Amino acid sequence: MSSFAVPADAYDRFMGRYSVLLAVPFADLAGIAAGQRVLDVGCGPGALTAELVDRVGASSVAAVDPSEPFVAAARSRNTGVDVQRASAEELPHPDASFDAALAQLVVQFMADPTTGIAEMRRVTRPDGVVAACVWDHAGGQGPLSPLWDAARDLDPEVQGEGRFVGTQQGDLARLFEAAGLHEVEETALSVGVEHPTFEEWWEPFTLGVGPAGVYVKGLEPARREALRERCRATLPEPPFVLTAQAWAARGLV
Ligand SMILES: C[S@@+](CC[C@H](N)C(=O)[O-])C[C@H]1O[C@@H](n2cnc3c(N)ncnc32)[C@H](O)[C@@H]1O
C-alpha cells in the first residue's frame, strides 16, 4: 500500500495515463448506466470514479481508497462523490447498498483478495454486479511489462508483478466463484496509449509509484541507467503505441 502514498499527479503520469482509458470498457463490462448507485473500490485519484460520475451522476457514486493523498485528490476532482479512506477488506458501507461494486487494478494489491471480493459482494444488492480488472502482468501483456522484461534481462532474480493474484488468466473468475458470485464471466480488455518520446514513457517510472516505481527508484544510479538503456533498446522507435491488456471479471450477487 505504501507505494501508493504518492502525489496524485505522479500517479496520473505513471498509471493514470492507462487507467483512464481502461475505465471505459471496464464500466461497459459492468453494465454501468444512469439510474444505478455504484461503488469504486481502490479508486486511486479517480480514473474510474470520473467515468462512473459521467454515467450515473456524482451523487450516485461512492469511492474508497486506503491512500490519503489519493482520497484527497479523488474528492477534489469529483465534487459530490462520497469518497472515504478505507480498504476493500473492510468497506464502510451497509449491506446491499449498491447496484454495482467495481475494483479497477486493485485486487492484486489487496492484503486479502478473498475478503475484499466478499466485501464487495456484501455491499451489492441481490442480482447486482461485482466487477474487477487487473493488468495481465503474468502473461507479459500489461503496460509495465516492457520495464519488468528489461529488468529481468539484467537480473533474472527480478520477480515483477506477475506473482500477484489476479494478474493471470482465470484468477479473477476463481476468486469471484469462491466468493459465491454467480454467472461469472471473465474476459480481456485492452487499451492503446501513444508514447511520443522515450523520455515521456520512462520518466514516470522514476517517481516511486507502485511496485515498478519503487523498484526503479531503489536501484543504484548505474543500474537504473543500465535499465533505462535496456528499455530504450527493446522498445520500438518513438512515437510508439503501447497496447496493454487486462483480465476482467464480472459476476452477479
Ligand atoms: C493501480 S492503483 C488503481 C487506482 C484506480 N482504480 C485506477 O484505476 O487508476 C491501485 C489502488 O489500489 C489501492 N489499494 C491498495 N490496497 C488496497 C486495498 N486493500 N483496498 C482497496 N484499495 C487498495 C491503492 O491505494 C491504489 O489507489
# chains A, B, ... in the order shown; residues from 1 in each chain; ligands from 1
>>> residues_near_ligand(ligand="ligand 1", cutoff="8 Å", atoms="only C-alpha atoms and all ligand atoms", output="ChimeraX atom specification")
/A:1-5,11-12,15-16,18-20,22-23,40-49,64-67,70,86-89,103-107,109-113,116,210
>>> select_by_dssp(residues="stretch 12-89 of chain A", states="strand (DSSP E)", output="PyMOL selection string")
chain A and resi 38-41+61-65+82-85
>>> write_last_selection(atoms="N, CA and C atoms", output="mmCIF file, in the first residue's frame")
data_model
loop_
_atom_site.group_PDB
_atom_site.id
_atom_site.type_symbol
_atom_site.label_atom_id
_atom_site.label_comp_id
_atom_site.auth_asym_id
_atom_site.auth_seq_id
_atom_site.Cartn_x
_atom_site.Cartn_y
_atom_site.Cartn_z
ATOM 1 N N VAL A 38 -23.390 3.233 -7.550
ATOM 2 C CA VAL A 38 -22.202 2.387 -7.766
ATOM 3 C C VAL A 38 -21.052 2.748 -6.822
ATOM 4 N N LEU A 39 -20.210 1.752 -6.551
ATOM 5 C CA LEU A 39 -19.061 1.912 -5.657
ATOM 6 C C LEU A 39 -17.765 1.628 -6.422
ATOM 7 N N ASP A 40 -16.790 2.540 -6.274
ATOM 8 C CA ASP A 40 -15.455 2.374 -6.868
ATOM 9 C C ASP A 40 -14.488 2.008 -5.737
ATOM 10 N N VAL A 41 -14.031 0.766 -5.727
ATOM 11 C CA VAL A 41 -13.162 0.261 -4.654
ATOM 12 C C VAL A 41 -11.698 0.396 -5.075
ATOM 13 N N VAL A 61 -22.451 7.982 -6.837
ATOM 14 C CA VAL A 61 -21.163 7.278 -6.814
ATOM 15 C C VAL A 61 -20.542 7.403 -5.424
ATOM 16 N N ALA A 62 -20.015 6.294 -4.934
ATOM 17 C CA ALA A 62 -19.191 6.298 -3.722
ATOM 18 C C ALA A 62 -17.855 5.667 -4.089
ATOM 19 N N ALA A 63 -16.805 6.038 -3.340
ATOM 20 C CA ALA A 63 -15.476 5.520 -3.655
ATOM 21 C C ALA A 63 -14.687 5.368 -2.362
ATOM 22 N N VAL A 64 -13.770 4.397 -2.353
ATOM 23 C CA VAL A 64 -12.868 4.230 -1.201
ATOM 24 C C VAL A 64 -11.460 3.962 -1.696
ATOM 25 N N ASP A 65 -10.484 4.367 -0.879
ATOM 26 C CA ASP A 65 -9.078 4.018 -1.134
ATOM 27 C C ASP A 65 -8.334 4.186 0.190
ATOM 28 N N ASP A 82 -19.089 10.566 -2.603
ATOM 29 C CA ASP A 82 -18.751 10.197 -1.226
ATOM 30 C C ASP A 82 -17.460 9.366 -1.271
ATOM 31 N N VAL A 83 -16.311 10.032 -1.012
ATOM 32 C CA VAL A 83 -15.014 9.328 -1.057
ATOM 33 C C VAL A 83 -14.536 9.127 0.380
ATOM 34 N N GLN A 84 -14.289 7.884 0.745
ATOM 35 C CA GLN A 84 -13.841 7.594 2.107
ATOM 36 C C GLN A 84 -12.517 6.851 2.083
ATOM 37 N N ARG A 85 -11.755 7.063 3.165
ATOM 38 C CA ARG A 85 -10.483 6.342 3.287
ATOM 39 C C ARG A 85 -10.774 4.981 3.910
#
>>> residues_around(residues="A:Gly139", least_positions_apart="6", cutoff="8 Å", atoms="only C-alpha atoms", output="MDAnalysis selection string")
chainID A and resid 162 167:169
